[in-house]
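Below is one structure, written out as structure tokens; comments come after it.
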Amino acid sequence: MKLSKKIGLILVSGIILVNSLQASNLKCLSQNNTTMVPFRVIGEDLGAKVSFEQASQTITLSYRDTNIELKVGSKKATVNGEEKNLQVAPQVVDGVTYVPIRFVAEALGAEVNYKNGILAINLEGNEKEWKLETIATGINTSSATNGSGFINTSKTLLGKNVTMLTINMNDPKVKVKIATAGNKVTRAAAIKDMANGAKASINGTYFAAYNGDVPLPDGTLVSNGRVLHITDIGATIGFTSDNKVLIDFVTTRVQGYINGEEAWTSYRVNRHTADSSTTVIYTPEYEGNITLPSGWAAVVCVDGKVAKMVTQTRTVPNNGFILTMTEKRSQKFNVGDSVEYKVNYLPKNTSSKDWNNVIYALSAGPSLMIDGKITGNPSDENFTEAKILTQVARRSFIGTTKDNQLIIGTVSASVSELKNIVKEMGLVSAMCLDGGASSGLYYNGSYLSSPGRNVNNCINFYYN
């Protein structure tokens with residue numbers, strides 16, 4: 001006698017409603033109208049045999065004469081050796097592996113029914129009911145994260161294992177900060193030590209990591225509206241006070257004022273240049289002595305006013321900044337003058353008005369996508385090294401969806417491969433961060449991807 005197998009599912013607007021006292025709580029995902037549940041429930045509650053092979057990321061489910069194999073990140077599955085297509089691939093979120101329940105149910109020969117808001121499974125007389133808590137609806141929707149604003153998702157995309165986090169920048173509780181080691185631009189530290197209570201952290205821009213050099217950053221760094229370093233190489237990501245995320249090719253400059261009047265400009269912060277036509281700004285984040293070349297002077301500013309003008313070695317006062325320039329150019333400053341400066345962003349594709357609201361910014365690169373289009377060769381952005389132009393390497397990346405979801409992650413790939421991967425993710429703008437041994441992703445108190453060295457800076461994400 002053949003026993004009937006019946007599964008009933010009730011789904012209303014992506015949220016499962018349950019009125020049965022027997023229903024237990026169960027977290028689920030909802031993506032592309034597909035409900036995903038932890039695969040171990042099928043074994044623990046329904047009696048199927050389940051297993052997960054970590055190395056190959058393969059999920060196996062067996063019940064009587066039916067054997068199902070699925071793979072994390074793959075839309076291909078097999079049922080008794082026959083290949084099947086999935087609408088949504090299995091995925092890992094916060095260490096839990098989720099599978100599409102409808103597909104599994106039908107593969108087991110069960111009927112799928114919707115009734116009164118209850119997800120009910122009756123497998124050969126074994127009846128179970130669940131009240132499902134939808135924790136995610138996919139990276140391409142405005143509710144892509146759980147109650148903490150973050151999702152940890154590992155996926156295989158285009159043959160590459162990608163470790164990534166989705167961060168809901170529409171959630172007002174999500175806050176972003178750019179951190180430097182010891183709050184200085186001259187140090188390096190572990191990402192976990194710079195995280196400083198952050199929910200998540202990823203390494204930031206390039207820095208001087210070799211030959212015993214002072215580990216100064218190579219990319220633009222703006223923290224809480226304060227410019228710490230400037231460069232024009234690669235792409236720049238900016239975060240506004242209301243969590244809008246911008247990625248573009250940006251020229252960053254500083255406009256300086258004396259007694260309220262425009263009087264000087266700068267493209268150099270916390271790093272000396274031999275260019276006699278510019279002014280170098282040194283902030284308290286630069287530790288150690290500033291050595292002046294012959295013919296140069298330092299304008300020492302304290303509390304927004306010129307305190308002294310010197311030609312000897314100096315350190316930056318905690319409540320001020322130092323401007324260095326040729327002695328001739330320093331003659332426009334006088335002790336007691338009011339001196340201030342502001343950052344100006346000149347973006348190529350996005351709005352200058354939006355960039356004027358940016359309070360945190362970081363440049364690295366090369367770019368991957370800008371405004372929905374894969375970008376050109378990294379050499380067009382002044383990158384010259386083979387490890388960036390052509391080679392496969394460990395890479396960190398950051399990007400946004402059209403609805404302001406932020407994706408941060410790591411992968412071993414070439415830049416050209418990574419461009420196709422972020423397109424597959426549905427990102428509209430994305431860029432590389434520093435890579436190689438610097439590449440690291442930290443989440444919930446531990447590394448998802450461990451860096452091989454200390455780094456100069458990172459991007460921290462908080463949930464308050």
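Residue numbering restarts at 1 in every chain; chains get A, B, ... in the order shown in the structure tokens, and ligands count up from 1 in that same order.
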
| query | Within 12 Å of A:Tyr63, counting only C-alpha atoms, which residues qualify if same-chain residues fewer than 4 places away don't, as number ranges by chain? | reply | A: 5, 42-43, 46-50, 67-68, 79-80, 104-105, 107-110, 123-124

Dump as a PDB file, in the first residue's frame, selection limited to N, CA and C atoms:
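For reference, again12.pdb as written:
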```
ATOM      1  N   LYS A   5       2.041  11.272   0.726  1.00  0.00           N
ATOM      2  CA  LYS A   5       2.982  12.246   1.290  1.00  0.00           C
ATOM      3  C   LYS A   5       2.454  13.630   0.974  1.00  0.00           C
ATOM      4  N   ILE A  42      14.838  19.342   7.962  1.00  0.00           N
ATOM      5  CA  ILE A  42      14.252  18.240   7.198  1.00  0.00           C
ATOM      6  C   ILE A  42      14.660  16.904   7.803  1.00  0.00           C
ATOM      7  N   GLY A  43      15.857  16.876   8.391  1.00  0.00           N
ATOM      8  CA  GLY A  43      16.289  15.652   9.046  1.00  0.00           C
ATOM      9  C   GLY A  43      15.783  15.548  10.469  1.00  0.00           C
ATOM     10  N   LEU A  46      11.653  15.803  10.259  1.00  0.00           N
ATOM     11  CA  LEU A  46      10.909  14.975   9.309  1.00  0.00           C
ATOM     12  C   LEU A  46      11.494  13.581   9.125  1.00  0.00           C
ATOM     13  N   GLY A  47      12.649  13.342   9.678  1.00  0.00           N
ATOM     14  CA  GLY A  47      13.188  11.996   9.625  1.00  0.00           C
ATOM     15  C   GLY A  47      14.026  11.658   8.417  1.00  0.00           C
ATOM     16  N   ALA A  48      14.310  12.638   7.553  1.00  0.00           N
ATOM     17  CA  ALA A  48      15.189  12.369   6.416  1.00  0.00           C
ATOM     18  C   ALA A  48      16.637  12.345   6.897  1.00  0.00           C
ATOM     19  N   LYS A  49      17.492  11.658   6.144  1.00  0.00           N
ATOM     20  CA  LYS A  49      18.920  11.673   6.428  1.00  0.00           C
ATOM     21  C   LYS A  49      19.537  12.881   5.729  1.00  0.00           C
ATOM     22  N   VAL A  50      20.294  13.668   6.469  1.00  0.00           N
ATOM     23  CA  VAL A  50      20.891  14.864   5.881  1.00  0.00           C
ATOM     24  C   VAL A  50      22.375  14.911   6.223  1.00  0.00           C
ATOM     25  N   ASN A  67      17.070  10.453  -3.276  1.00  0.00           N
ATOM     26  CA  ASN A  67      18.326  11.085  -2.881  1.00  0.00           C
ATOM     27  C   ASN A  67      18.467  12.429  -3.596  1.00  0.00           C
ATOM     28  N   ILE A  68      18.679  13.488  -2.823  1.00  0.00           N
ATOM     29  CA  ILE A  68      18.790  14.842  -3.374  1.00  0.00           C
ATOM     30  C   ILE A  68      20.173  15.380  -3.040  1.00  0.00           C
ATOM     31  N   VAL A  79      18.336  14.975  -8.404  1.00  0.00           N
ATOM     32  CA  VAL A  79      17.390  14.117  -7.699  1.00  0.00           C
ATOM     33  C   VAL A  79      17.532  12.724  -8.294  1.00  0.00           C
ATOM     34  N   ASN A  80      18.050  11.799  -7.495  1.00  0.00           N
ATOM     35  CA  ASN A  80      18.346  10.444  -7.979  1.00  0.00           C
ATOM     36  C   ASN A  80      19.186  10.481  -9.249  1.00  0.00           C
ATOM     37  N   VAL A 104      12.625  20.878  -2.326  1.00  0.00           N
ATOM     38  CA  VAL A 104      12.906  19.658  -1.577  1.00  0.00           C
ATOM     39  C   VAL A 104      11.631  18.851  -1.367  1.00  0.00           C
ATOM     40  N   ALA A 105      10.528  19.552  -1.038  1.00  0.00           N
ATOM     41  CA  ALA A 105       9.262  18.864  -0.807  1.00  0.00           C
ATOM     42  C   ALA A 105       8.794  18.124  -2.055  1.00  0.00           C
ATOM     43  N   ALA A 107      10.594  17.226  -4.598  1.00  0.00           N
ATOM     44  CA  ALA A 107      11.540  16.161  -4.940  1.00  0.00           C
ATOM     45  C   ALA A 107      11.281  14.905  -4.111  1.00  0.00           C
ATOM     46  N   LEU A 108      10.766  15.088  -2.895  1.00  0.00           N
ATOM     47  CA  LEU A 108      10.420  13.951  -2.052  1.00  0.00           C
ATOM     48  C   LEU A 108       9.060  13.360  -2.410  1.00  0.00           C
ATOM     49  N   GLY A 109       8.406  13.950  -3.406  1.00  0.00           N
ATOM     50  CA  GLY A 109       7.112  13.450  -3.853  1.00  0.00           C
ATOM     51  C   GLY A 109       5.945  14.024  -3.096  1.00  0.00           C
ATOM     52  N   ALA A 110       6.162  15.083  -2.357  1.00  0.00           N
ATOM     53  CA  ALA A 110       5.103  15.662  -1.538  1.00  0.00           C
ATOM     54  C   ALA A 110       4.325  16.719  -2.309  1.00  0.00           C
ATOM     55  N   LEU A 123       4.546  14.408   6.316  1.00  0.00           N
ATOM     56  CA  LEU A 123       5.306  13.454   5.519  1.00  0.00           C
ATOM     57  C   LEU A 123       5.032  12.048   6.042  1.00  0.00           C
ATOM     58  N   GLU A 124       4.174  11.352   5.324  1.00  0.00           N
ATOM     59  CA  GLU A 124       3.800   9.985   5.682  1.00  0.00           C
ATOM     60  C   GLU A 124       3.312   9.904   7.123  1.00  0.00           C
TER      61      GLU A 124
END
```

| query | Out of stretch 396-437 of chain A, which residues get helix (DSSP H, G or I) from DSSP, as a ChimeraX atom specification? | reply | /A:415-425,436-437

| Hey, what's within 10 Å of stretch 414-430 of chain A if we count only C-alpha atoms and toss same-chain stuff fewer than 2 positions away? As a PyMOL selection string, please? | chain A and resi 139-140+155-160+162+235-237+245-248+365-378+387-408+410-412+432-433

Would you mind exporting C-alpha atoms of the selected residues as a PDB file, in the first residue's frame?
```
ATOM      1  CA  ILE A 139      20.512  41.245  -1.658  1.00  0.00           C
ATOM      2  CA  ASN A 140      18.487  43.045  -4.307  1.00  0.00           C
ATOM      3  CA  LYS A 155      28.445  31.823  -2.062  1.00  0.00           C
ATOM      4  CA  THR A 156      30.052  30.204  -5.054  1.00  0.00           C
ATOM      5  CA  LEU A 157      29.765  32.591  -7.988  1.00  0.00           C
ATOM      6  CA  LEU A 158      31.249  31.892 -11.416  1.00  0.00           C
ATOM      7  CA  GLY A 159      33.311  29.126  -9.857  1.00  0.00           C
ATOM      8  CA  LYS A 160      34.774  31.335  -7.109  1.00  0.00           C
ATOM      9  CA  VAL A 162      33.027  34.430  -2.184  1.00  0.00           C
ATOM     10  CA  ALA A 235      37.995  54.847  -7.375  1.00  0.00           C
ATOM     11  CA  THR A 236      36.564  56.450  -4.250  1.00  0.00           C
ATOM     12  CA  ILE A 237      33.726  55.347  -1.981  1.00  0.00           C
ATOM     13  CA  VAL A 245      26.780  55.330  -0.469  1.00  0.00           C
ATOM     14  CA  LEU A 246      28.588  56.812  -3.477  1.00  0.00           C
ATOM     15  CA  ILE A 247      31.250  55.171  -5.666  1.00  0.00           C
ATOM     16  CA  ASP A 248      32.921  57.108  -8.456  1.00  0.00           C
ATOM     17  CA  GLY A 365      40.646  50.399  -6.632  1.00  0.00           C
ATOM     18  CA  PRO A 366      40.690  49.512  -9.324  1.00  0.00           C
ATOM     19  CA  SER A 367      37.012  50.073  -9.946  1.00  0.00           C
ATOM     20  CA  LEU A 368      34.801  47.127 -10.903  1.00  0.00           C
ATOM     21  CA  MET A 369      31.464  48.694 -11.847  1.00  0.00           C
ATOM     22  CA  ILE A 370      30.222  52.267 -11.971  1.00  0.00           C
ATOM     23  CA  ASP A 371      26.547  53.065 -12.449  1.00  0.00           C
ATOM     24  CA  GLY A 372      25.666  49.575 -13.688  1.00  0.00           C
ATOM     25  CA  LYS A 373      28.505  49.263 -16.191  1.00  0.00           C
ATOM     26  CA  ILE A 374      31.664  47.179 -15.898  1.00  0.00           C
ATOM     27  CA  THR A 375      34.620  49.555 -16.002  1.00  0.00           C
ATOM     28  CA  GLY A 376      37.710  49.476 -18.200  1.00  0.00           C
ATOM     29  CA  ASN A 377      41.285  48.343 -17.731  1.00  0.00           C
ATOM     30  CA  PRO A 378      42.931  49.042 -14.341  1.00  0.00           C
ATOM     31  CA  LYS A 387      49.249  41.570  -9.462  1.00  0.00           C
ATOM     32  CA  ILE A 388      46.525  44.151 -10.037  1.00  0.00           C
ATOM     33  CA  LEU A 389      46.376  44.176 -13.835  1.00  0.00           C
ATOM     34  CA  THR A 390      46.262  40.451 -14.635  1.00  0.00           C
ATOM     35  CA  GLN A 391      47.093  38.082 -11.783  1.00  0.00           C
ATOM     36  CA  VAL A 392      44.750  36.059  -9.575  1.00  0.00           C
ATOM     37  CA  ALA A 393      45.097  37.202  -5.967  1.00  0.00           C
ATOM     38  CA  ARG A 394      43.177  37.517  -2.732  1.00  0.00           C
ATOM     39  CA  ARG A 395      40.993  40.615  -3.072  1.00  0.00           C
ATOM     40  CA  SER A 396      38.684  42.640  -0.879  1.00  0.00           C
ATOM     41  CA  PHE A 397      35.812  44.489  -2.509  1.00  0.00           C
ATOM     42  CA  ILE A 398      32.942  46.801  -1.647  1.00  0.00           C
ATOM     43  CA  GLY A 399      29.847  47.699  -3.654  1.00  0.00           C
ATOM     44  CA  THR A 400      26.216  48.762  -3.616  1.00  0.00           C
ATOM     45  CA  THR A 401      22.921  47.601  -5.048  1.00  0.00           C
ATOM     46  CA  LYS A 402      20.381  49.946  -6.598  1.00  0.00           C
ATOM     47  CA  ASP A 403      18.461  50.083  -3.304  1.00  0.00           C
ATOM     48  CA  ASN A 404      21.406  51.052  -1.074  1.00  0.00           C
ATOM     49  CA  GLN A 405      22.403  47.616   0.166  1.00  0.00           C
ATOM     50  CA  LEU A 406      26.156  47.495   0.731  1.00  0.00           C
ATOM     51  CA  ILE A 407      28.134  44.335  -0.004  1.00  0.00           C
ATOM     52  CA  ILE A 408      31.628  43.826   1.422  1.00  0.00           C
ATOM     53  CA  THR A 410      36.739  38.771  -0.109  1.00  0.00           C
ATOM     54  CA  VAL A 411      37.549  36.361  -2.942  1.00  0.00           C
ATOM     55  CA  SER A 412      40.563  34.910  -4.727  1.00  0.00           C
ATOM     56  CA  CYS A 432      38.469  46.828  -5.022  1.00  0.00           C
ATOM     57  CA  LEU A 433      40.031  47.624  -1.691  1.00  0.00           C
TER      58      LEU A 433
END
```

| request: Find the residues near stretch 281-292 of chain A: any atom within 9 Å, counting only C-alpha atoms, skip ones fewer than 2 places away on the same chain, and give them as an MDAnalysis selection string. | output: chainID A and resid 180 182:187 227:228 266:272 279 294:298 311:325

| said: I need the strand (DSSP E or B) residues of stretch 325-445 of chain A per DSSP on the backbone, written as a VMD selection string. | reply: chain A and resid 325 to 326 338 to 347 358 to 364 367 to 370 373 to 374 393 to 400 405 to 413 429 to 432 441 to 443

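Each of A:Val455, A:Val254, A:Ala181, A:Val335 was checked against A:Thr205 using only C-alpha atoms; the smallest atom-to-atom distance is that of A:Val455.
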
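Between A:Leu26 and the candidates A:Asn456, A:Thr60, A:Asn196, A:Thr134, the tightest atom-to-atom separation, counting only C-alpha atoms, involves A:Thr134.
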
| task | Please identify all polymer residues within 6 Å of A:Tyr443, counting only C-alpha atoms, omitting same-chain residues fewer than 3 positions from it, and present them as a VMD selection string. | result | chain A and resid 199 to 200 446

Write the residues you've just listed into a file as a PDB file, in the first residue's frame, and include C-alpha atoms for each of them.
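The resulting file, part-v9.pdb, is reproduced below:
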```pdb
ATOM      1  CA  LYS A 199      29.704  44.638  14.036  1.00  0.00           C
ATOM      2  CA  ALA A 200      31.798  44.250  10.885  1.00  0.00           C
ATOM      3  CA  SER A 446      35.882  36.803  14.549  1.00  0.00           C
TER       4      SER A 446
END
```
